[in-house]
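Structure file start36.txt (compact mmCIF, C-alpha atoms) is printed below.
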# COMPACT_ATOMS: atom_id res chain seq x y z
CA MET A 1 91.02 -55.72 -49.09
CA LYS A 2 92.80 -54.90 -52.33
CA ARG A 3 93.08 -58.60 -53.16
CA TYR A 4 89.33 -59.14 -52.69
CA VAL A 5 88.58 -56.12 -54.83
CA LEU A 6 90.81 -57.46 -57.59
CA ARG A 7 89.12 -60.85 -57.38
CA VAL A 8 85.76 -59.15 -57.95
CA ILE A 9 86.98 -56.83 -60.69
CA SER A 10 88.57 -59.63 -62.73
CA PRO A 11 85.39 -61.69 -63.46
CA ALA A 12 83.32 -58.52 -63.75
CA ALA A 13 85.65 -57.19 -66.46
CA ALA A 14 85.52 -60.55 -68.27
CA LEU A 15 81.71 -60.52 -68.23
CA ALA A 16 81.63 -56.91 -69.44
CA LEU A 17 83.96 -57.76 -72.32
CA TRP A 18 81.83 -60.78 -73.19
CA GLN A 19 78.67 -58.67 -73.19
CA ALA A 20 80.25 -55.99 -75.37
CA LEU A 21 81.65 -58.40 -77.97
CA THR A 22 78.43 -60.41 -78.31
CA SER A 23 75.99 -57.51 -78.24
CA LEU A 24 77.97 -55.65 -80.92
CA ASP A 25 78.29 -58.79 -83.07
CA VAL A 26 82.04 -58.44 -83.38
CA ASP A 27 83.43 -60.71 -86.14
CA LEU A 28 87.12 -60.08 -86.66
CA TRP A 29 88.60 -63.58 -86.68
CA LEU A 30 86.57 -65.10 -83.83
CA ARG A 31 82.83 -65.05 -84.50
CA PHE A 32 81.33 -63.54 -81.40
CA SER A 33 78.06 -62.94 -83.25
CA GLN A 34 77.29 -66.65 -82.80
CA PHE A 35 77.65 -66.40 -79.01
CA PRO A 36 74.74 -65.66 -76.67
CA THR A 37 75.05 -62.52 -74.60
CA VAL A 38 75.54 -62.47 -70.85
CA THR A 39 71.95 -61.34 -70.33
CA GLU A 40 70.60 -64.25 -72.41
CA VAL A 41 72.67 -66.73 -70.41
CA ALA A 42 71.49 -65.12 -67.16
CA ARG A 43 67.85 -65.44 -68.19
CA ALA A 44 68.36 -69.09 -69.17
CA PHE A 45 70.13 -69.71 -65.86
CA ALA A 46 67.24 -68.21 -63.89
CA ALA A 47 64.76 -70.35 -65.82
CA ARG A 48 66.80 -73.50 -65.11
CA LEU A 49 67.02 -72.71 -61.41
CA ALA A 50 63.23 -72.50 -61.24
CA GLY A 51 62.78 -76.01 -62.68
CA PRO A 52 63.38 -79.42 -61.08
CA ASP A 53 65.55 -80.86 -63.87
CA TYR A 54 68.52 -78.62 -63.06
CA TRP A 55 68.71 -79.77 -59.46
CA THR A 56 68.28 -83.43 -60.47
CA ASP A 57 71.19 -83.13 -62.89
CA LEU A 58 73.27 -81.33 -60.29
CA THR A 59 72.63 -84.01 -57.67
CA ASP A 60 73.45 -86.85 -60.07
CA SER A 61 76.75 -85.28 -61.14
CA LEU A 62 77.78 -84.55 -57.54
CA VAL A 63 76.99 -88.11 -56.41
CA ARG A 64 79.03 -89.53 -59.29
CA ILE A 65 82.01 -87.25 -58.75
CA LEU A 66 82.11 -87.71 -54.98
CA THR A 67 81.77 -91.50 -55.18
CA GLY A 68 84.45 -91.88 -57.83
CA PHE A 69 86.80 -89.36 -56.24
CA LEU A 70 86.58 -90.88 -52.75
CA LEU A 71 87.28 -94.34 -54.16
CA ALA A 72 90.24 -92.95 -56.10
CA ALA A 73 91.58 -91.17 -53.02
CA VAL A 74 91.53 -94.32 -50.88
CA LEU A 75 92.88 -96.64 -53.58
CA GLY A 76 95.44 -94.12 -54.86
CA VAL A 77 96.93 -93.37 -51.44
CA ALA A 78 97.01 -97.04 -50.44
CA THR A 79 98.58 -98.16 -53.72
CA GLY A 80 101.06 -95.29 -53.75
CA VAL A 81 102.29 -96.07 -50.24
CA LEU A 82 102.47 -99.80 -51.04
CA VAL A 83 104.47 -99.31 -54.25
CA ALA A 84 106.81 -96.81 -52.60
CA ARG A 85 107.47 -98.96 -49.53
CA SER A 86 107.59 -102.46 -51.02
CA ARG A 87 109.91 -103.64 -53.77
CA LEU A 88 107.74 -106.69 -54.35
CA ALA A 89 104.64 -104.52 -54.88
CA GLU A 90 106.61 -102.22 -57.18
CA ASP A 91 107.77 -105.17 -59.28
CA LEU A 92 104.29 -106.71 -59.46
CA LEU A 93 102.10 -103.61 -59.85
CA GLY A 94 104.50 -101.07 -61.34
CA PRO A 95 104.60 -102.36 -64.94
CA VAL A 96 100.82 -102.80 -65.12
CA LEU A 97 100.11 -99.35 -63.69
CA GLU A 98 102.62 -97.63 -65.95
CA VAL A 99 101.04 -99.25 -69.03
CA ILE A 100 97.51 -98.21 -68.02
CA ARG A 101 98.40 -94.71 -66.79
CA PRO A 102 98.92 -93.03 -70.22
CA ILE A 103 95.49 -94.21 -71.43
CA PRO A 104 92.96 -91.35 -71.14
CA ALA A 105 90.15 -92.21 -68.77
CA ILE A 106 87.54 -91.11 -71.30
CA ALA A 107 88.91 -93.73 -73.70
CA LEU A 108 87.73 -96.36 -71.21
CA VAL A 109 84.07 -95.60 -71.94
CA PRO A 110 83.68 -98.67 -74.23
CA VAL A 111 85.37 -100.81 -71.57
CA ALA A 112 83.01 -99.47 -68.91
CA ILE A 113 79.97 -100.14 -71.12
CA LEU A 114 81.06 -103.75 -71.67
CA LEU A 115 82.25 -104.35 -68.10
CA PHE A 116 79.53 -102.88 -65.89
CA PRO A 117 75.82 -103.72 -66.00
CA SER A 118 74.66 -100.09 -65.70
CA ASN A 119 75.78 -96.74 -67.07
CA GLU A 120 75.87 -95.30 -63.55
CA GLN A 121 78.53 -97.76 -62.42
CA GLY A 122 80.50 -97.18 -65.62
CA ILE A 123 80.57 -93.41 -65.10
CA VAL A 124 81.76 -93.84 -61.50
CA PHE A 125 84.46 -96.22 -62.76
CA ILE A 126 85.69 -93.66 -65.31
CA THR A 127 85.69 -90.90 -62.68
CA CYS A 128 87.62 -93.08 -60.24
CA THR A 129 90.18 -94.04 -62.88
CA ALA A 130 90.72 -90.40 -63.85
CA ALA A 131 91.55 -89.34 -60.28
CA PHE A 132 93.38 -92.54 -59.29
CA PHE A 133 96.62 -92.00 -61.18
CA PRO A 134 97.35 -88.38 -60.11
CA VAL A 135 96.84 -89.43 -56.49
CA LEU A 136 98.96 -92.56 -56.97
CA VAL A 137 101.90 -90.76 -58.57
CA SER A 138 101.89 -87.88 -56.05
CA THR A 139 101.71 -90.25 -53.09
CA ARG A 140 104.49 -92.45 -54.44
CA HIS A 141 106.86 -89.53 -54.98
CA ALA A 142 105.98 -87.98 -51.61
CA VAL A 143 106.69 -91.21 -49.72
CA ARG A 144 109.98 -91.78 -51.53
CA ALA A 145 111.08 -88.22 -50.75
CA LEU A 146 110.77 -88.66 -46.98
CA THR A 147 113.90 -88.28 -44.90
CA PRO A 148 115.15 -91.70 -43.69
CA THR A 149 116.23 -90.14 -40.40
CA TRP A 150 112.63 -89.89 -39.24
CA GLU A 151 112.03 -93.59 -39.73
CA GLU A 152 115.30 -94.48 -38.05
CA ALA A 153 114.36 -92.33 -35.05
CA VAL A 154 111.05 -94.18 -34.64
CA ARG A 155 112.79 -97.54 -34.93
CA THR A 156 115.33 -96.46 -32.32
CA MET A 157 112.51 -95.71 -29.89
CA GLY A 158 111.00 -99.16 -30.46
CA GLY A 159 108.37 -98.30 -33.05
CA GLY A 160 107.22 -101.01 -35.45
CA ARG A 161 106.05 -100.96 -39.06
CA TRP A 162 102.56 -99.67 -38.33
CA ARG A 163 103.92 -97.02 -35.98
CA ILE A 164 106.23 -95.78 -38.73
CA LEU A 165 103.36 -95.76 -41.20
CA GLY A 166 101.06 -93.77 -38.90
CA SER A 167 103.55 -91.33 -37.42
CA VAL A 168 106.10 -90.82 -40.22
CA VAL A 169 104.99 -92.00 -43.66
CA LEU A 170 101.41 -90.72 -43.86
CA PRO A 171 101.96 -87.34 -42.08
CA GLY A 172 105.15 -86.70 -44.02
CA ALA A 173 103.57 -87.52 -47.38
CA LEU A 174 100.37 -85.58 -46.67
CA PRO A 175 101.34 -82.38 -48.57
CA GLY A 176 102.17 -84.41 -51.67
CA VAL A 177 98.98 -86.45 -51.30
CA PHE A 178 96.81 -83.34 -51.28
CA GLY A 179 98.67 -82.04 -54.31
CA GLY A 180 97.57 -85.18 -56.14
CA LEU A 181 94.04 -84.84 -54.80
CA SER A 182 93.80 -81.26 -56.10
CA VAL A 183 94.84 -82.41 -59.56
CA GLY A 184 92.62 -85.48 -59.37
CA ILE A 185 89.42 -83.59 -58.58
CA GLY A 186 89.88 -81.41 -61.66
CA VAL A 187 90.56 -84.37 -63.93
CA SER A 188 87.56 -86.15 -62.43
CA TRP A 189 85.23 -83.33 -63.42
CA ILE A 190 86.54 -83.38 -66.98
CA CYS A 191 85.97 -87.10 -67.30
CA VAL A 192 82.61 -87.31 -65.54
CA ILE A 193 81.18 -84.58 -67.78
CA SER A 194 82.55 -86.30 -70.88
CA ALA A 195 81.18 -89.67 -69.75
CA GLU A 196 77.76 -88.12 -69.11
CA MET A 197 77.78 -86.65 -72.60
CA ILE A 198 78.55 -90.04 -74.13
CA SER A 199 76.59 -92.56 -72.08
CA GLY A 200 74.75 -90.72 -69.31
CA GLN A 201 71.03 -90.30 -68.89
CA TYR A 202 71.08 -87.48 -66.36
CA GLY A 203 73.69 -85.04 -65.14
CA VAL A 204 75.13 -81.67 -66.04
CA GLY A 205 77.16 -83.09 -68.93
CA TYR A 206 74.17 -84.93 -70.38
CA ARG A 207 71.98 -81.82 -70.17
CA THR A 208 74.68 -79.63 -71.75
CA TRP A 209 75.01 -82.01 -74.70
CA GLN A 210 71.23 -82.16 -75.13
CA ASP A 211 71.11 -78.36 -75.25
CA TYR A 212 73.76 -78.41 -77.96
CA THR A 213 71.84 -80.93 -80.06
CA VAL A 214 68.71 -78.74 -80.00
CA VAL A 215 70.79 -75.59 -80.70
CA ASP A 216 70.04 -74.03 -77.31
CA TYR A 217 73.29 -72.12 -76.92
CA PRO A 218 72.29 -70.19 -73.77
CA GLY A 219 71.56 -73.57 -72.18
CA VAL A 220 74.98 -74.80 -73.24
CA PHE A 221 76.61 -71.87 -71.48
CA VAL A 222 74.47 -72.51 -68.39
CA GLY A 223 75.95 -75.99 -68.26
CA MET A 224 79.48 -74.65 -68.75
CA VAL A 225 79.08 -72.12 -65.95
CA THR A 226 77.64 -74.80 -63.67
CA ILE A 227 80.57 -77.12 -64.39
CA GLY A 228 83.06 -74.33 -63.69
CA VAL A 229 81.44 -73.36 -60.39
CA LEU A 230 81.19 -76.96 -59.22
CA GLY A 231 84.83 -77.60 -60.09
CA TRP A 232 85.94 -74.45 -58.28
CA VAL A 233 83.92 -75.30 -55.15
CA THR A 234 85.16 -78.89 -54.92
CA SER A 235 88.81 -78.01 -55.58
CA THR A 236 88.61 -75.23 -52.98
CA ALA A 237 87.16 -77.70 -50.48
CA VAL A 238 90.04 -80.12 -51.10
CA GLU A 239 92.57 -77.31 -50.70
CA LEU A 240 91.01 -76.08 -47.45
CA LEU A 241 90.95 -79.62 -46.07
CA GLY A 242 94.60 -80.01 -46.99
CA ARG A 243 95.51 -76.78 -45.20
CA ARG A 244 93.61 -77.89 -42.12
CA LEU A 245 95.33 -81.28 -41.99
CA THR A 246 98.79 -79.84 -42.72
CA HIS A 247 98.58 -76.86 -40.37
CA TRP A 248 101.99 -77.77 -38.99
CA LEU A 249 103.66 -76.80 -42.28
CA PRO A 250 105.33 -73.36 -42.48
CA ARG A 251 103.23 -70.96 -44.52
CA THR A 252 104.70 -68.35 -46.84
CA ALA A 253 102.87 -65.09 -47.39
CA TYR A 254 103.51 -62.29 -49.84
CA ALA A 255 104.99 -59.27 -48.08
CA PRO A 256 105.97 -56.25 -50.17
CA SER A 257 109.39 -54.89 -49.44
CA ALA A 258 109.31 -51.74 -47.33
CA ARG A 259 111.06 -48.69 -48.67
CA PRO A 260 113.07 -46.56 -46.29
CA SER A 261 111.26 -43.32 -45.50
CA GLY A 262 114.24 -41.26 -44.54
CA PRO A 263 117.69 -40.79 -46.01
CA ALA A 264 119.90 -43.80 -45.99
CA ARG A 265 122.26 -43.88 -43.07
CA SER A 266 125.83 -44.87 -43.59
CA VAL A 267 126.83 -48.07 -41.90
CA LYS A 268 130.23 -48.21 -40.34
CA PRO A 269 132.31 -51.05 -41.63
CA ALA A 270 132.97 -53.81 -39.17
CA PRO A 271 136.49 -53.81 -37.77
CA THR A 272 138.70 -56.27 -39.52
CA ALA A 273 140.89 -58.69 -37.69
CA PRO A 274 144.58 -57.82 -37.63
CA ALA A 275 146.65 -59.52 -40.24
CA ALA A 276 148.58 -62.55 -39.12
CA VAL A 277 152.27 -61.99 -38.56
CA PRO A 278 154.38 -64.33 -40.66
CA GLY A 279 155.76 -67.02 -38.46
CA GLY A 280 153.34 -66.12 -35.63
CA PRO A 281 150.73 -68.29 -33.95
CA ALA A 282 147.98 -67.40 -36.45
CA SER A 283 150.04 -68.39 -39.47
CA GLN A 284 151.07 -71.61 -37.73
CA GLU A 285 147.37 -72.46 -37.12
CA ALA A 286 146.58 -71.68 -40.76
CA ARG A 287 149.31 -74.08 -41.89
CA ASP A 288 148.01 -76.76 -39.54
CA GLU A 289 144.45 -76.37 -40.89
CA HIS A 290 145.75 -76.55 -44.41
CA LEU A 291 147.52 -79.80 -43.66
CA VAL A 292 144.41 -81.21 -42.03

Rewrite the coordinates I just gave you, this time as structure tokens.
Amino acid sequence: MKRYVLRVISPAAALALWQALTSLDVDLWLRFSQFPTVTEVARAFAARLAGPDYWTDLTDSLVRILTGFLLAAVLGVATGVLVARSRLAEDLLGPVLEVIRPIPAIALVPVAILLFPSNEQGIVFITCTAAFFPVLVSTRHAVRALTPTWEEAVRTMGGGRWRILGSVVLPGALPGVFGGLSVGIGVSWICVISAEMISGQYGVGYRTWQDYTVVDYPGVFVGMVTIGVLGWVTSTAVELLGRRLTHWLPRTAYAPSARPSGPARSVKPAPTAPAAVPGGPASQEARDEHLV
């Protein structure tokens, strides 16, 4: 119960601080007088919820993020397992992937505009590229970190390549895969919003940028809050799915150390073994172990 209370108090305190700084027009070094207040953002949010444009933008952004992320999850896991399990695939694909990986996905917007016939396909491509590499790298490291004993045990019992893949490789790499998926969904939201701002026609990012161009700062903050909530919901969904699929993993929970209520009781020292007599059987065994 205390944890839930703290989780409610934390955002409430942040909102109260925001309201106080903006309503009092505090200008020390940061110019909070330029910010809209919490009440202004709340009124703008309520007005957006009552109109159809908000839900259209929300649906478009969700379709783009889910399409690109699912493609990245399938391609990233498949490529990561292939590169980790095959030297030929590593030699052929590794150099190309390592050259492309440092390029920010948002820098591929001109490539997407030239490559795809529609902006919608280009935005999905950028979203997929953003999530692909975190999933690929996490899957590759997770597969390479598997214990070889598991695979040898399956081979001993007559299992083939596909049996090893289905019963050892994929289940064993699943925690690492979901770590990459958690990172990938966050990066995907960053890139899809940026792509919508640059070349989109609808979506939360497009609407947020339009509000900025017409100096509607409460609308800008409505878009920011929407992006944050959507990112939190999707990342939580990925985490819950990962916990469900990896329920066999041991879970660690925080447990505060208990303090003794009463006076400390003295513990009797354990009896020590008698010292070995020089030249006796014990000393002879010690010499034999030393020689061994």

Between A:Ala173, A:Leu97, A:Leu6, A:Val204, which one has atoms that come closest to Ala142 (chain A), using all atoms listed in the file?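 Of the candidates, the smallest distance to Ala142 (chain A) is held by A:Ala173.
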
How far is it from CA of Ala130 (chain A) to CA of Gly200 (chain A), in Å with one decimal?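 Separation between CA of Ala130 (chain A) and CA of Gly200 (chain A): 16.9 Å.
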
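Using all atoms listed in the file, the protein and nucleic acid residues lying no more than 10 Å from region 18-26 of chain A, apart from those fewer than 4 places from it along its own chain, are Ala12, Ala13, Ala14, Leu30, Arg31, Phe32, Ser33, Gln34, Phe35, Pro36, Thr37, Val38, Thr39 and Glu40 of chain A.
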
Show me, as a PyMOL selection string, the residues that have an atom within 9 Å of Val192 (chain A) when counting only C-alpha atoms, minus same-chain residues fewer than 6 positions from it. chain A and resi 61+64-65+106+123-124+126-127+130+205

At what distance in Å, to one decimal, does CA of Val215 (chain A) lie from CA of Ala195 (chain A)?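 About the pair CA of Ala195 (chain A) and CA of Val215 (chain A): they are 20.6 Å apart.
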
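Comparing A:Gly184, A:Gly94, A:Gly166, A:Pro175 by their smallest distance to Pro250 (chain A), the closest is A:Pro175 (using all atoms listed in the file).
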
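Distance annotation: of A:Ile227, A:Ile198, A:Val187, A:Ala16, the residue with the minimal separation from Ile113 (chain A) is A:Ile198; atom set is only C-alpha atoms.
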
Skip Gly223 (chain A) itself and residues of its chain fewer than 6 positions away, then list as a PyMOL selection string all residues within 9 Å of it, counting only C-alpha atoms. chain A and resi 45+204-205+207-209+211

Neighbour list for Val74 (chain A) as a VMD selection string, cut-off 12 Å, all atoms listed in the file, skip fewer than 4 positions in-chain: chain A and resid 67 to 70 78 to 81 128 131 to 133 135 to 136 139 177 181

Work out how far apart CA of Val77 (chain A) and CA of Arg155 (chain A) are and give it in Å to one decimal. 23.3 Å

Check the smallest atom-to-atom distance from each of A:Val109, A:Gly231, A:Ala237, A:Leu174 to Met197 (chain A) using all atoms listed in the file, then report the winner.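 Nearest to Met197 (chain A): A:Val109.
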
Top pick for closest residue to Leu82 (chain A), considering A:Val225, A:Phe178, A:Val143, A:Leu245 and counting all atoms listed in the file: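 Of all the options, A:Val143 lies closest to Leu82 (chain A).
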
Pick out the closest residue to Ser86 (chain A) from this set: A:Ser10, A:Arg140, A:Leu49, A:Leu249. Count all atoms listed in the file.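 Smallest distance to Ser86 (chain A) is found for A:Arg140.
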
Excluding Phe125 (chain A) and its own-chain neighbours fewer than 4 positions away, which residues fall within 8 Å of it when counting only C-alpha atoms? Please give them as an MDAnalysis selection string. chainID A and resid 68 112 121 129
